[in-house]
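Colleague: For reference, the structure I am asking about is given below.
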Amino acid sequence: MTAPKRLFDCLAYHLEKDPLEVMLAGKEGGQWKKYSTASVKETVDRLSAGLLSLGVSCGDMTAEGRDKIAILSRNRPEWILLDLAVQQIGAVLAPIYPTINVNELEFVLNDAQVKYVFVNDEELFLKVFSLKEKVHSLKEIYTFEHTPNARHWKELLSLSSPELIAQIRPLADKIRYEDLATIIYTSGTTGTPKGVMLSHRNILSNVIACMPCFPPGEEMRSLSFLPLNHIFERMVTYLYLFRGISIYYAESLDSIAENLKEVQPHMFTTVPRLLEKVYDKIMQKGSELTGTRKKLFFWAHGLAEKYEINKDQGGMYNFKLGLANKIIFSKWREGLGGNIKCIVTGGAACQVRLIRIFTAAKITIMEGYGLTETSPVIAVNRFEESGRAFGTVGPLIDGVEVKIAEDGEILCKGPNIMMGYYKRPDLTAEVIDKDGWFSSGDIGSLNEKNFLRITDRKKELFKTSGGKYVAPLPIENKLKESPFIEQVMLVGADRKFVSALIVPSFPNLLDWCRHNGITAANHEEVIRQPQVTDMFKDLVESFNKYFNHVEQVKKFELLPNEWSVDTGEMTPKLSLKRKVIIEKYRDAINRIYS
């Protein structure tokens, strides 16, 4: 077979090469429902035919002329079935975060002139249905779960016929490598969402360039739980599909631990926030041990903290680490299913300390970097140890160029750069110059081996009233190394000094309080205890030695509640919404600077 030129070619590629018994799998009624490559192909074709029967079309093949289908759903096999079915008839899928607020949802559905929406369940059905009068292009809403008064997606399969299926191939043949594959609306922290237009070439070039970065091997399984409407999980999904890696979809973020045990995956993708939670759980279990077992746990942890990559640390260290892996870290790996070869992390900066510790425990963390506009990968740490370096997001992938602007901004060029923002040539021109260089908005540096280091977001840098620039990200990540700090955000734009809003790690803090004879009824009371405040003062002071004078945290406020997507302080990919936090905690910030 010739090299694939469209994302949906993964099916033909596999049927010809090595069909899988399990290509996709999801839980239905508590049991895993598995789809072979052949059944995926059959269902995708029948779904395409059903869409054709509704009149869904590729129009004149321009971005605006093609019909748009939206999806708001958790990860499940039907997500991919719909994606491939829409692609191969030349329509365009616009995935939307299920957590999107109704105003943004209305904007996206109208901006893309969406004709059909597929949703996960009743809750999302009602969310979209509430906008039916305001979105004139919308013809019907289909659900994946059976929902009262709603059309079920399987109704479309029954509309299929041999005549309609015969129309698919000629339509698919019209679709070229350079054609639009999807429009992804970025959930910006400010302003209205922008529709990023990505072509088959954009995403497929990224898939092919990333293939050699992953572990070799046959008959591998992956667990998928990062939202598929984010380009990171979606691109990696196509990589799995072309590589022949079975994909199992976690039921929810809460069921990951259980699903890891059931699926025993060889790899998965994550964001740093979830990795931090895994680590915190491990450390909590370690703290609950007693006697020799507790001593051994922290002895092993101490060894892992000293681990270096691509560097022999001597026979004695290697012997001890081998022992630690046998008696302690083997349990960590068991907790992740026992087969884990690597975890790929992206979406935000990961603490180097975490990567170091997991790597020592034979859990390879491959941190990468990219944006929706770059399909997404620009650089990634490889599975092979020589292609990894702590504190970097790895070497650039093949075919992608990077140069650093005078102000330190990372500029990128290559086949992965988006076609542009949908219907917004003005915004496209702001980020892609006439020579094709895309401005990332991130600050970084590139070393002689082509390893990229990210130091901050350009728009997150702030200037104190003394005129000094501060990059908050590295400081926040350093502070989060403390077991007592769950979340932290630096404040100080146009102020005399840098301060911090801190959400304590309450399980660890409450444990500390018990040992120190401090009682409190709730989180509010805990953070008001003078001994707790004094402990955090000492803690922050102990970290200040790592920062220069301007960067040091002079004051802080402890907050009683964790920031989350549901409460509005975090984006769906678990990055801080800084403006929202500043607005929400204005009183706390005023107390700091009063």
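Convention: chains lettered A, B, ... in structure tokens order; per-chain residue numbering from 1; ligands numbered from 1 as shown.
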Sorted by chain and rising residue number, which residues of range 370-417 of chain A lie within 10 Å of range 306-330 of chain A, and what are their closest atom pairs and distances in Å to one decimal, counting only C-alpha atoms, as JSON lines?
Modeller:
```
{"residue": "A:Glu385", "atom": "CA", "partner": "A:Asn310", "partner_atom": "CA", "distance": 6.7}
{"residue": "A:Ser386", "atom": "CA", "partner": "A:Asn310", "partner_atom": "CA", "distance": 6.5}
{"residue": "A:Gly387", "atom": "CA", "partner": "A:Asn310", "partner_atom": "CA", "distance": 9.4}
{"residue": "A:Arg388", "atom": "CA", "partner": "A:Ile309", "partner_atom": "CA", "distance": 7.7}
{"residue": "A:Ala389", "atom": "CA", "partner": "A:Ile309", "partner_atom": "CA", "distance": 6.8}
{"residue": "A:Phe390", "atom": "CA", "partner": "A:Ile309", "partner_atom": "CA", "distance": 7.3}
```
Colleague: For range 143-146 of chain A, please output as number ranges by chain all residues within 9 Å (counting only C-alpha atoms; exclusion window: fewer than 6 positions along the same chain).
Modeller: A: 73, 78, 117-122, 124-125, 152-154
Colleague: Using only C-alpha atoms, pick whichever of A:Glu367, A:Asp18, A:Glu133, A:Glu42 has the shortest atom-to-atom distance to Arg243 in chain A.
Modeller: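 Answer, going by the shortest atom-to-atom distance: A:Asp18.
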Colleague: Identify, with DSSP run on backbone atoms, the residues in range 81-233 of chain A assigned to strand (DSSP E), and express the list as a PyMOL selection string.
Modeller: chain A and resi 92-95+114-119+140-143+151-152+180-186+194-199+221-224
Colleague: Would you save the residues of that selection, restricted to N, CA and C atoms, as a CSV table (one decimal), in the first residue's frame?
Modeller:
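The resulting again-v7.csv:
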```
chain,number,residue,atom,x,y,z
A,92,VAL,N,-16.7,18.0,7.9
A,92,VAL,CA,-15.7,18.5,8.8
A,92,VAL,C,-16.2,18.3,10.2
A,93,LEU,N,-15.4,17.6,11.1
A,93,LEU,CA,-15.7,17.5,12.5
A,93,LEU,C,-15.2,18.6,13.3
A,94,ALA,N,-16.1,19.2,14.1
A,94,ALA,CA,-15.6,20.3,15.0
A,94,ALA,C,-15.9,19.8,16.5
A,95,PRO,N,-14.8,19.3,17.1
A,95,PRO,CA,-15.0,18.8,18.5
A,95,PRO,C,-15.1,19.9,19.5
A,114,VAL,N,-22.9,24.7,12.3
A,114,VAL,CA,-23.0,23.2,12.5
A,114,VAL,C,-24.4,22.7,12.1
A,115,LYS,N,-24.5,21.6,11.4
A,115,LYS,CA,-25.8,21.0,11.0
A,115,LYS,C,-26.2,19.9,11.9
A,116,TYR,N,-25.3,19.1,12.4
A,116,TYR,CA,-25.7,18.0,13.3
A,116,TYR,C,-24.7,18.0,14.4
A,117,VAL,N,-25.2,17.7,15.6
A,117,VAL,CA,-24.4,17.6,16.8
A,117,VAL,C,-24.6,16.2,17.4
A,118,PHE,N,-23.5,15.6,17.8
A,118,PHE,CA,-23.5,14.3,18.5
A,118,PHE,C,-23.0,14.5,19.9
A,119,VAL,N,-23.8,14.1,20.9
A,119,VAL,CA,-23.5,14.3,22.3
A,119,VAL,C,-23.4,13.0,23.1
A,140,GLU,N,-30.3,18.6,13.8
A,140,GLU,CA,-30.7,17.5,14.7
A,140,GLU,C,-29.5,17.2,15.7
A,141,ILE,N,-29.9,16.7,16.8
A,141,ILE,CA,-28.9,16.3,17.8
A,141,ILE,C,-29.0,14.8,18.0
A,142,TYR,N,-27.9,14.1,18.0
A,142,TYR,CA,-27.9,12.6,18.2
A,142,TYR,C,-27.1,12.3,19.5
A,143,THR,N,-27.6,11.3,20.2
A,143,THR,CA,-26.9,10.9,21.5
A,143,THR,C,-26.2,9.6,21.4
A,151,ARG,N,-32.7,11.5,19.4
A,151,ARG,CA,-32.3,10.5,18.4
A,151,ARG,C,-31.0,9.8,18.8
A,152,HIS,N,-31.0,8.5,18.7
A,152,HIS,CA,-29.8,7.7,19.1
A,152,HIS,C,-28.9,7.5,17.8
A,180,LEU,N,-8.6,20.3,4.4
A,180,LEU,CA,-9.0,20.5,5.8
A,180,LEU,C,-9.6,19.2,6.4
A,181,ALA,N,-9.1,18.8,7.6
A,181,ALA,CA,-9.6,17.6,8.2
A,181,ALA,C,-10.5,17.9,9.4
A,182,THR,N,-10.2,19.0,10.1
A,182,THR,CA,-11.0,19.3,11.3
A,182,THR,C,-10.8,20.8,11.7
A,183,ILE,N,-11.8,21.3,12.4
A,183,ILE,CA,-11.7,22.6,13.0
A,183,ILE,C,-11.8,22.5,14.5
A,184,ILE,N,-10.7,22.9,15.2
A,184,ILE,CA,-10.7,22.8,16.7
A,184,ILE,C,-10.8,24.2,17.3
A,185,TYR,N,-11.8,24.4,18.0
A,185,TYR,CA,-11.9,25.7,18.7
A,185,TYR,C,-11.1,25.7,20.0
A,186,THR,N,-10.2,26.6,20.0
A,186,THR,CA,-9.3,26.7,21.2
A,186,THR,C,-10.1,27.4,22.4
A,194,LYS,N,-11.3,30.6,19.0
A,194,LYS,CA,-10.8,30.7,17.6
A,194,LYS,C,-10.8,29.3,17.0
A,195,GLY,N,-11.3,29.2,15.8
A,195,GLY,CA,-11.4,27.9,15.1
A,195,GLY,C,-10.1,27.6,14.4
A,196,VAL,N,-9.3,26.7,14.9
A,196,VAL,CA,-8.0,26.3,14.3
A,196,VAL,C,-8.3,25.3,13.2
A,197,MET,N,-7.9,25.6,11.9
A,197,MET,CA,-8.1,24.7,10.8
A,197,MET,C,-6.9,23.8,10.6
A,198,LEU,N,-7.1,22.5,10.8
A,198,LEU,CA,-6.0,21.6,10.6
A,198,LEU,C,-6.3,20.7,9.4
A,199,SER,N,-5.3,20.5,8.6
A,199,SER,CA,-5.4,19.7,7.4
A,199,SER,C,-5.0,18.2,7.7
A,221,ARG,N,-1.1,-2.1,24.1
A,221,ARG,CA,-2.4,-1.5,24.5
A,221,ARG,C,-2.2,-0.1,25.1
A,222,SER,N,-3.1,0.8,24.8
A,222,SER,CA,-3.1,2.1,25.4
A,222,SER,C,-4.4,2.4,26.2
A,223,LEU,N,-4.3,3.3,27.2
A,223,LEU,CA,-5.5,3.7,27.9
A,223,LEU,C,-5.7,5.2,27.5
A,224,SER,N,-6.9,5.6,27.1
A,224,SER,CA,-7.1,7.0,26.7
A,224,SER,C,-8.1,7.6,27.7
```
Colleague: So, counting only C-alpha atoms, which residue among A:Ile71, A:Leu24, A:Leu427, A:Val236 is closest to Pro193 in chain A?
Modeller: A:Leu427
Colleague: As a CSV table (one decimal) with N, CA and C atoms, in the first residue's frame, please: the residues near Pro472 in chain A (cut-off 12 Å, only C-alpha atoms, same-chain neighbours under 5 positions excluded).
Modeller:
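Okay, selection_33.csv is ready:
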```
chain,number,residue,atom,x,y,z
A,349,ALA,N,3.8,22.7,31.6
A,349,ALA,CA,5.1,22.3,32.1
A,349,ALA,C,5.0,21.3,33.2
A,455,THR,N,10.8,28.3,29.0
A,455,THR,CA,10.9,29.0,30.2
A,455,THR,C,9.7,29.6,30.7
A,456,ASP,N,8.8,30.1,29.8
A,456,ASP,CA,7.5,30.6,30.2
A,456,ASP,C,6.6,31.0,29.1
A,457,ARG,N,5.4,31.3,29.4
A,457,ARG,CA,4.4,31.9,28.4
A,457,ARG,C,4.7,33.3,28.3
A,458,LYS,N,4.8,33.8,27.1
A,458,LYS,CA,5.1,35.3,26.9
A,458,LYS,C,4.1,36.2,27.6
A,459,LYS,N,2.8,35.8,27.5
A,459,LYS,CA,1.8,36.6,28.1
A,459,LYS,C,1.7,36.5,29.6
A,460,GLU,N,2.4,35.4,30.2
A,460,GLU,CA,2.3,35.2,31.6
A,460,GLU,C,3.5,35.9,32.4
A,461,LEU,N,4.5,36.4,31.6
A,461,LEU,CA,5.6,37.2,32.2
A,461,LEU,C,5.0,38.4,32.8
A,462,PHE,N,5.4,38.8,33.9
A,462,PHE,CA,4.9,40.1,34.4
A,462,PHE,C,6.0,41.0,34.9
A,463,LYS,N,5.7,42.3,35.0
A,463,LYS,CA,6.8,43.2,35.4
A,463,LYS,C,6.3,43.8,36.8
A,464,THR,N,7.3,43.8,37.7
A,464,THR,CA,7.0,44.4,39.0
A,464,THR,C,7.0,46.0,38.8
A,477,ASN,N,6.4,25.9,39.7
A,477,ASN,CA,6.8,24.5,39.6
A,477,ASN,C,7.7,24.0,40.7
A,478,LYS,N,8.7,24.9,41.1
A,478,LYS,CA,9.6,24.6,42.2
A,478,LYS,C,8.8,24.6,43.5
A,479,LEU,N,8.0,25.5,43.7
A,479,LEU,CA,7.2,25.5,45.0
A,479,LEU,C,6.3,24.3,45.1
A,488,VAL,N,-0.4,26.6,43.2
A,488,VAL,CA,0.1,27.9,43.5
A,488,VAL,C,0.1,28.8,42.3
A,489,MET,N,-0.2,30.1,42.5
A,489,MET,CA,-0.1,31.0,41.5
A,489,MET,C,0.6,32.3,42.0
A,490,LEU,N,1.6,32.7,41.2
A,490,LEU,CA,2.3,34.0,41.6
A,490,LEU,C,1.6,35.2,41.1
A,491,VAL,N,1.7,36.2,42.0
A,491,VAL,CA,1.0,37.5,41.7
A,491,VAL,C,2.1,38.6,41.9
A,492,GLY,N,2.0,39.7,41.2
A,492,GLY,CA,3.0,40.8,41.3
A,492,GLY,C,3.1,41.7,40.2
A,493,ALA,N,2.2,41.7,39.2
A,493,ALA,CA,2.3,42.6,38.1
A,493,ALA,C,2.0,44.0,38.6
A,498,VAL,N,6.8,40.2,44.7
A,498,VAL,CA,6.1,39.0,44.2
A,498,VAL,C,5.4,38.4,45.4
A,499,SER,N,4.2,37.9,45.2
A,499,SER,CA,3.5,37.2,46.3
A,499,SER,C,2.8,36.0,45.6
A,500,ALA,N,2.2,35.2,46.5
A,500,ALA,CA,1.6,33.9,45.9
A,500,ALA,C,0.3,33.6,46.6
A,547,PHE,N,15.6,31.3,44.1
A,547,PHE,CA,15.2,32.4,43.2
A,547,PHE,C,16.1,33.6,43.5
A,550,VAL,N,14.4,39.5,43.1
A,550,VAL,CA,13.2,40.0,42.6
A,550,VAL,C,12.1,38.9,42.5
A,551,GLU,N,12.5,37.6,42.3
A,551,GLU,CA,11.6,36.5,42.1
A,551,GLU,C,11.1,36.0,43.5
A,552,GLN,N,11.7,36.3,44.6
A,552,GLN,CA,11.4,35.7,45.8
A,552,GLN,C,10.0,36.1,46.3
A,553,VAL,N,9.3,35.1,46.9
A,553,VAL,CA,7.9,35.3,47.3
A,553,VAL,C,8.0,35.9,48.7
A,576,LEU,N,-3.8,26.9,34.5
A,576,LEU,CA,-4.4,27.9,35.3
A,576,LEU,C,-5.0,29.0,34.4
A,578,ARG,N,-5.3,32.4,34.8
A,578,ARG,CA,-4.8,33.4,35.7
A,578,ARG,C,-5.7,34.6,35.9
```
Colleague: Looking only at helix (DSSP H, G or I) from DSSP on the backbone, list the matching residues of range 176-376 of chain A as a PyMOL selection string.
Modeller: chain A and resi 200-213+231-243+253-263+272-288+291-305+315-335+352-360+372-374
Colleague: Would you work out the distance separating CA of Glu583 in chain A from CA of Leu501 in chain A, expressed in Å to one decimal?
Modeller: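 CA of Glu583 in chain A sits 12.4 Å away from CA of Leu501 in chain A.
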Colleague: Distance CA of Pro19 in chain A-CA of Glu219 in chain A, one decimal place?
Modeller: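 Between CA of Pro19 in chain A and CA of Glu219 in chain A the gap works out to 11.1 Å.
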Colleague: Just the residues within 10 Å of range 534-540 of chain A, please, counting only C-alpha atoms, with nothing from its chain fewer than 2 positions along; format it as a PDB file with N, CA and C atoms, in the first residue's frame.
Modeller:
```
ATOM      1  N   LEU A 479       7.952  25.518  43.744  1.00  0.00           N
ATOM      2  CA  LEU A 479       7.187  25.517  44.999  1.00  0.00           C
ATOM      3  C   LEU A 479       6.315  24.261  45.124  1.00  0.00           C
ATOM      4  N   SER A 482       7.041  20.913  47.065  1.00  0.00           N
ATOM      5  CA  SER A 482       6.732  20.668  48.476  1.00  0.00           C
ATOM      6  C   SER A 482       5.491  19.787  48.586  1.00  0.00           C
ATOM      7  N   PHE A 484       3.413  19.883  50.762  1.00  0.00           N
ATOM      8  CA  PHE A 484       2.337  20.655  51.397  1.00  0.00           C
ATOM      9  C   PHE A 484       1.661  21.640  50.440  1.00  0.00           C
ATOM     10  N   ILE A 485       2.200  21.779  49.204  1.00  0.00           N
ATOM     11  CA  ILE A 485       1.617  22.736  48.246  1.00  0.00           C
ATOM     12  C   ILE A 485       0.984  21.980  47.089  1.00  0.00           C
ATOM     13  N   ALA A 500       2.167  35.152  46.464  1.00  0.00           N
ATOM     14  CA  ALA A 500       1.609  33.901  45.930  1.00  0.00           C
ATOM     15  C   ALA A 500       0.266  33.584  46.570  1.00  0.00           C
ATOM     16  N   ILE A 502      -1.741  30.297  47.490  1.00  0.00           N
ATOM     17  CA  ILE A 502      -1.363  28.888  47.686  1.00  0.00           C
ATOM     18  C   ILE A 502      -2.568  28.061  48.129  1.00  0.00           C
ATOM     19  N   PRO A 504      -3.110  24.646  49.796  1.00  0.00           N
ATOM     20  CA  PRO A 504      -2.331  23.581  50.438  1.00  0.00           C
ATOM     21  C   PRO A 504      -2.782  22.190  49.977  1.00  0.00           C
ATOM     22  N   ILE A 527      -6.416  26.716  57.757  1.00  0.00           N
ATOM     23  CA  ILE A 527      -5.467  27.705  57.195  1.00  0.00           C
ATOM     24  C   ILE A 527      -5.367  28.972  58.046  1.00  0.00           C
ATOM     25  N   GLN A 529      -4.978  28.769  61.364  1.00  0.00           N
ATOM     26  CA  GLN A 529      -4.191  28.436  62.566  1.00  0.00           C
ATOM     27  C   GLN A 529      -2.805  29.100  62.484  1.00  0.00           C
ATOM     28  N   PRO A 530      -2.389  29.826  63.522  1.00  0.00           N
ATOM     29  CA  PRO A 530      -1.082  30.505  63.494  1.00  0.00           C
ATOM     30  C   PRO A 530       0.090  29.547  63.217  1.00  0.00           C
ATOM     31  N   GLN A 531       0.036  28.311  63.791  1.00  0.00           N
ATOM     32  CA  GLN A 531       1.145  27.371  63.560  1.00  0.00           C
ATOM     33  C   GLN A 531       1.246  26.967  62.085  1.00  0.00           C
ATOM     34  N   VAL A 532       0.066  26.855  61.440  1.00  0.00           N
ATOM     35  CA  VAL A 532       0.039  26.490  60.013  1.00  0.00           C
ATOM     36  C   VAL A 532       0.651  27.617  59.189  1.00  0.00           C
ATOM     37  N   SER A 542      12.272  28.629  52.673  1.00  0.00           N
ATOM     38  CA  SER A 542      13.256  27.606  52.301  1.00  0.00           C
ATOM     39  C   SER A 542      13.388  27.489  50.778  1.00  0.00           C
ATOM     40  N   PHE A 543      12.340  27.848  50.053  1.00  0.00           N
ATOM     41  CA  PHE A 543      12.388  27.803  48.583  1.00  0.00           C
ATOM     42  C   PHE A 543      12.971  29.089  47.989  1.00  0.00           C
ATOM     43  N   ASN A 544      12.847  30.194  48.715  1.00  0.00           N
ATOM     44  CA  ASN A 544      13.302  31.479  48.181  1.00  0.00           C
ATOM     45  C   ASN A 544      14.786  31.491  47.810  1.00  0.00           C
ATOM     46  N   LYS A 545      15.560  30.594  48.449  1.00  0.00           N
ATOM     47  CA  LYS A 545      17.003  30.560  48.141  1.00  0.00           C
ATOM     48  C   LYS A 545      17.277  30.139  46.692  1.00  0.00           C
ATOM     49  N   GLN A 552      11.725  36.308  44.564  1.00  0.00           N
ATOM     50  CA  GLN A 552      11.383  35.688  45.849  1.00  0.00           C
ATOM     51  C   GLN A 552       9.972  36.055  46.312  1.00  0.00           C
ATOM     52  N   VAL A 553       9.266  35.071  46.865  1.00  0.00           N
ATOM     53  CA  VAL A 553       7.893  35.268  47.331  1.00  0.00           C
ATOM     54  C   VAL A 553       7.956  35.906  48.722  1.00  0.00           C
ATOM     55  N   LYS A 554       7.489  37.152  48.796  1.00  0.00           N
ATOM     56  CA  LYS A 554       7.591  37.888  50.063  1.00  0.00           C
ATOM     57  C   LYS A 554       6.381  37.628  50.968  1.00  0.00           C
ATOM     58  N   LYS A 555       5.205  37.464  50.352  1.00  0.00           N
ATOM     59  CA  LYS A 555       3.990  37.213  51.145  1.00  0.00           C
ATOM     60  C   LYS A 555       3.105  36.224  50.402  1.00  0.00           C
ATOM     61  N   PHE A 556       2.169  35.619  51.114  1.00  0.00           N
ATOM     62  CA  PHE A 556       1.264  34.660  50.464  1.00  0.00           C
ATOM     63  C   PHE A 556      -0.059  34.637  51.200  1.00  0.00           C
ATOM     64  N   GLU A 557      -1.063  34.098  50.549  1.00  0.00           N
ATOM     65  CA  GLU A 557      -2.375  33.834  51.171  1.00  0.00           C
ATOM     66  C   GLU A 557      -2.688  32.359  50.948  1.00  0.00           C
ATOM     67  N   LEU A 558      -3.115  31.660  51.987  1.00  0.00           N
ATOM     68  CA  LEU A 558      -3.549  30.260  51.858  1.00  0.00           C
ATOM     69  C   LEU A 558      -5.037  30.248  51.518  1.00  0.00           C
TER      70      LEU A 558
END
```
Colleague: Would you compute the distance between CA of Ile365 in chain A and CA of Pro216 in chain A? Give it in Å to one decimal.
Modeller: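 Interatomic distance here is 15.4 Å.
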Colleague: If we count only C-alpha atoms, what is near Leu131 in chain A at a cut-off of 8 Å, once residues fewer than 4 positions away on the same chain are taken out, given as an MDAnalysis selection string?
Modeller: chainID A and resid 106 127 135
Colleague: Store the residues picked out above, limited to C-alpha atoms, as a PDB file, in the first residue's frame.
Modeller:
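Okay, result-v7.pdb is ready:
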```pdb
ATOM      1  CA  GLU A 106     -23.665  29.108  20.994  1.00  0.00           C
ATOM      2  CA  LYS A 127     -27.274  21.771  26.921  1.00  0.00           C
ATOM      3  CA  VAL A 135     -28.552  28.162  16.086  1.00  0.00           C
TER       4      VAL A 135
END
```
Colleague: Identify, on the basis of only C-alpha atoms, every residue whose closest approach to Phe506 in chain A does not exceed 12 Å; exclude the query and any residue fewer than 5 positions from it along the same chain; express the result as a PyMOL selection string.
Modeller: chain A and resi 280+284+483-487+511-514+522-527+532+558-562
Colleague: Would you list the contacts of Thr43 in chain A as a PyMOL selection string, taking every protein, DNA or RNA residue within 9 Å and counting only C-alpha atoms, but skipping same-chain residues closer than 6 positions in sequence?
Modeller: chain A and resi 81+85+157
Colleague: Nearest residue to Thr571 in chain A out of A:Pro170, A:Gly302, A:Gly347, A:Gly50, using only C-alpha atoms?
Modeller: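 Selected residue with least distance to Thr571 in chain A: A:Gly347.
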